[in-house]
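Asker: Before we start, here is the structure in question, set down as structure tokens.
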Amino acid sequence: GRVGPPGPGSRRVVVAKPMSFMNLSGGPVSALRDFYKVPVERIVAVHDELDIDYGALRLKLGGGDNGHNGLKSITKSSGAEYHRVRFGIGRPPGRMPVADFVLKDFGSAERKELDYFVDRAADAVEALVLEGLERAQSSYNS
């Protein structure tokens, strides 16, 4: 598809959600990267982030995987210099294991706001593609 205003200012994009397990995302991402001949630095991974409060966004280029197995897989197959839109989910309460926390459904209070936050994350990706990292960060990093 395309994002942005019609005409020469629009950008061609491929939006993909791997059908594999999240821990194996690197294979599908690298296959798409190779098929469309996309440089790694033009890949944008949107993912959950434990170390950010629920609903907050952070955009960045490169970095570590912070224990996120999906990012670890992408980094192993493509290198670390791809963009990330990090969607905050917060830390598990009490002593709840991280794996249980990230796999559980959102609570009712979180679900009420989820559509808004997902739309905001999509807008952040569009800003990243059209305006570049620094401008998108100044608008969406919260």
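Naming works like this for the structure tokens: A, B, ... for the chains as they're shown, residue 1 at the start of each chain, ligands 1 onward in shown order.
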Any idea what's packed within 8 Å of Leu61 in chain A, counting only C-alpha atoms, ignoring anything in its chain fewer than 4 positions away? Could you give it as a ChimeraX atom specification?
Answerer: /A:41,81-84,133
Asker: Keeping only all heavy atoms, write the selected residues as a compact mmCIF listing (two decimals), in the first residue's frame.
Answerer:
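Final file, again21.txt:
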# COMPACT_ATOMS: atom_id res chain seq x y z
N GLU A 41 17.33 -0.91 7.76
CA GLU A 41 16.99 0.34 8.45
C GLU A 41 15.62 0.91 8.05
O GLU A 41 15.15 1.88 8.62
CB GLU A 41 18.09 1.40 8.27
CG GLU A 41 18.29 1.86 6.85
CD GLU A 41 19.26 0.99 6.04
OE1 GLU A 41 19.69 -0.08 6.53
OE2 GLU A 41 19.57 1.39 4.92
N GLU A 81 19.71 -3.01 13.39
CA GLU A 81 19.47 -1.61 13.01
C GLU A 81 18.14 -1.39 12.29
O GLU A 81 18.07 -0.74 11.26
CB GLU A 81 20.64 -1.11 12.16
CG GLU A 81 21.92 -0.97 12.95
CD GLU A 81 21.77 -0.08 14.19
OE1 GLU A 81 21.31 1.06 14.05
OE2 GLU A 81 22.11 -0.55 15.28
N TYR A 82 17.06 -1.91 12.86
CA TYR A 82 15.71 -1.65 12.35
C TYR A 82 14.99 -0.74 13.34
O TYR A 82 15.38 -0.61 14.49
CB TYR A 82 14.95 -2.96 12.12
CG TYR A 82 14.89 -3.88 13.31
CD1 TYR A 82 13.83 -3.82 14.20
CD2 TYR A 82 15.89 -4.82 13.54
CE1 TYR A 82 13.78 -4.66 15.30
CE2 TYR A 82 15.84 -5.67 14.62
CZ TYR A 82 14.79 -5.58 15.51
OH TYR A 82 14.75 -6.40 16.60
N HIS A 83 13.94 -0.09 12.87
CA HIS A 83 13.16 0.79 13.73
C HIS A 83 12.22 -0.02 14.60
O HIS A 83 11.74 -1.08 14.20
CB HIS A 83 12.35 1.78 12.88
CG HIS A 83 13.18 2.84 12.26
ND1 HIS A 83 13.74 2.71 11.01
CD2 HIS A 83 13.55 4.04 12.72
CE1 HIS A 83 14.43 3.80 10.73
NE2 HIS A 83 14.33 4.63 11.74
N ARG A 84 11.94 0.52 15.76
CA ARG A 84 11.03 -0.12 16.69
C ARG A 84 10.00 0.91 17.16
O ARG A 84 10.36 2.04 17.51
CB ARG A 84 11.75 -0.67 17.92
CG ARG A 84 12.76 -1.78 17.59
CD ARG A 84 14.17 -1.29 17.88
NE ARG A 84 15.20 -2.19 17.37
CZ ARG A 84 15.77 -3.13 18.08
NH1 ARG A 84 15.41 -3.33 19.32
NH2 ARG A 84 16.70 -3.88 17.54
N LEU A 133 12.57 9.60 11.89
CA LEU A 133 12.59 9.20 13.29
C LEU A 133 12.50 10.39 14.25
O LEU A 133 11.69 10.38 15.16
CB LEU A 133 13.85 8.37 13.58
CG LEU A 133 14.01 7.89 15.02
CD1 LEU A 133 12.85 6.98 15.43
CD2 LEU A 133 15.34 7.18 15.19
Asker: Find the residues near Val38 in chain A: any atom within 12 Å, counting only C-alpha atoms, skip ones fewer than 4 places away on the same chain, and give them as a list in words.
Answerer: Arg12, Val13, Val14, Val29, Ser30, Ala31, Leu32, Arg33, Asp34, Arg42, Ile43, Val44, Ser78 and Tyr82 of chain A
Asker: Those residues with N, CA, C and O atoms, as a PDB file, in the first residue's frame please?
Answerer:
ATOM      1  N   ARG A  12       5.556   4.028  -0.455  1.00  0.00           N
ATOM      2  CA  ARG A  12       5.116   2.647  -0.612  1.00  0.00           C
ATOM      3  C   ARG A  12       5.504   1.876   0.644  1.00  0.00           C
ATOM      4  O   ARG A  12       6.632   1.986   1.135  1.00  0.00           O
ATOM      5  N   VAL A  13       4.563   1.106   1.183  1.00  0.00           N
ATOM      6  CA  VAL A  13       4.826   0.318   2.384  1.00  0.00           C
ATOM      7  C   VAL A  13       4.272  -1.089   2.224  1.00  0.00           C
ATOM      8  O   VAL A  13       3.361  -1.329   1.444  1.00  0.00           O
ATOM      9  N   VAL A  14       4.855  -1.999   2.965  1.00  0.00           N
ATOM     10  CA  VAL A  14       4.342  -3.355   3.086  1.00  0.00           C
ATOM     11  C   VAL A  14       4.057  -3.553   4.566  1.00  0.00           C
ATOM     12  O   VAL A  14       4.945  -3.370   5.396  1.00  0.00           O
ATOM     13  N   VAL A  29      10.234 -12.057   8.628  1.00  0.00           N
ATOM     14  CA  VAL A  29      10.703 -10.685   8.400  1.00  0.00           C
ATOM     15  C   VAL A  29      11.839 -10.678   7.383  1.00  0.00           C
ATOM     16  O   VAL A  29      11.845  -9.874   6.442  1.00  0.00           O
ATOM     17  N   SER A  30      12.802 -11.566   7.533  1.00  0.00           N
ATOM     18  CA  SER A  30      13.921 -11.585   6.580  1.00  0.00           C
ATOM     19  C   SER A  30      13.466 -12.041   5.193  1.00  0.00           C
ATOM     20  O   SER A  30      13.984 -11.553   4.178  1.00  0.00           O
ATOM     21  N   ALA A  31      12.479 -12.945   5.119  1.00  0.00           N
ATOM     22  CA  ALA A  31      11.951 -13.359   3.807  1.00  0.00           C
ATOM     23  C   ALA A  31      11.294 -12.176   3.098  1.00  0.00           C
ATOM     24  O   ALA A  31      11.522 -11.975   1.899  1.00  0.00           O
ATOM     25  N   LEU A  32      10.500 -11.401   3.818  1.00  0.00           N
ATOM     26  CA  LEU A  32       9.880 -10.213   3.223  1.00  0.00           C
ATOM     27  C   LEU A  32      10.940  -9.170   2.850  1.00  0.00           C
ATOM     28  O   LEU A  32      10.872  -8.553   1.788  1.00  0.00           O
ATOM     29  N   ARG A  33      11.905  -8.990   3.734  1.00  0.00           N
ATOM     30  CA  ARG A  33      12.991  -8.037   3.462  1.00  0.00           C
ATOM     31  C   ARG A  33      13.714  -8.405   2.169  1.00  0.00           C
ATOM     32  O   ARG A  33      13.948  -7.546   1.310  1.00  0.00           O
ATOM     33  N   ASP A  34      14.020  -9.672   1.999  1.00  0.00           N
ATOM     34  CA  ASP A  34      14.724 -10.116   0.805  1.00  0.00           C
ATOM     35  C   ASP A  34      13.836 -10.021  -0.441  1.00  0.00           C
ATOM     36  O   ASP A  34      14.287  -9.587  -1.496  1.00  0.00           O
ATOM     37  N   ARG A  42      14.952   0.273   7.080  1.00  0.00           N
ATOM     38  CA  ARG A  42      13.599   0.702   6.704  1.00  0.00           C
ATOM     39  C   ARG A  42      12.528  -0.244   7.230  1.00  0.00           C
ATOM     40  O   ARG A  42      11.354  -0.065   6.970  1.00  0.00           O
ATOM     41  N   ILE A  43      12.941  -1.231   8.013  1.00  0.00           N
ATOM     42  CA  ILE A  43      11.995  -2.136   8.665  1.00  0.00           C
ATOM     43  C   ILE A  43      11.515  -1.476   9.953  1.00  0.00           C
ATOM     44  O   ILE A  43      12.298  -0.869  10.686  1.00  0.00           O
ATOM     45  N   VAL A  44      10.231  -1.604  10.233  1.00  0.00           N
ATOM     46  CA  VAL A  44       9.643  -1.092  11.475  1.00  0.00           C
ATOM     47  C   VAL A  44       8.957  -2.259  12.182  1.00  0.00           C
ATOM     48  O   VAL A  44       8.026  -2.851  11.640  1.00  0.00           O
ATOM     49  N   SER A  78      18.279 -10.373  10.776  1.00  0.00           N
ATOM     50  CA  SER A  78      18.412  -9.154   9.967  1.00  0.00           C
ATOM     51  C   SER A  78      19.395  -8.136  10.513  1.00  0.00           C
ATOM     52  O   SER A  78      19.648  -7.133   9.874  1.00  0.00           O
ATOM     53  N   TYR A  82      17.055  -1.906  12.858  1.00  0.00           N
ATOM     54  CA  TYR A  82      15.713  -1.653  12.346  1.00  0.00           C
ATOM     55  C   TYR A  82      14.991  -0.737  13.338  1.00  0.00           C
ATOM     56  O   TYR A  82      15.379  -0.614  14.494  1.00  0.00           O
TER      57      TYR A  82
END
Asker: So what do you get for CA of Arg91 in chain A versus CA of Leu50 in chain A, distance-wise?
Answerer: 5.2 Å
Asker: Looking only at the backbone, which of the residues in range 6-142 of chain A does DSSP tag as strand (DSSP E), as a VMD selection string?
Answerer: chain A and resid 11 to 12 44 to 49 57 to 61 83 to 88
Asker: Determine the nearest neighbour of Val129 in chain A from the options A:His47, A:Val85, A:Ser77, A:Ser20, counting only C-alpha atoms.
Answerer: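 Looking at the shortest contact to Val129 in chain A, the residue is A:Val85.
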Asker: What does the distance between CA of Ser138 in chain A and CA of Ala124 in chain A come to in Å, to one decimal place?
Answerer: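 Separation of CA of Ser138 in chain A and CA of Ala124 in chain A: 10.4 Å.
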Asker: What does the distance between CA of Lys17 in chain A and CA of Ser139 in chain A come to in Å, to one decimal place?
Answerer: 25.1 Å
Asker: With only C-alpha atoms as the basis for distance, which of A:Ile52, A:Ala109, A:Ala16, A:Ala121 is at the shortest distance from Ala136 in chain A?
Answerer: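 Under the stated criterion, the closest residue is A:Ala121.
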Asker: Using the chain letters and numbers from this document, which residues of range 16-110 of chain A does DSSP assign to alpha helix (DSSP H), as a ChimeraX atom specification?
Answerer: /A:26-36,69-78,98-103,108-110
Asker: Would you mind listing what lies within 10 Å of Phe106 in chain A as a ChimeraX atom specification, with only C-alpha atoms counted and same-chain residues fewer than 6 positions away left out?
Answerer: /A:89,112,114
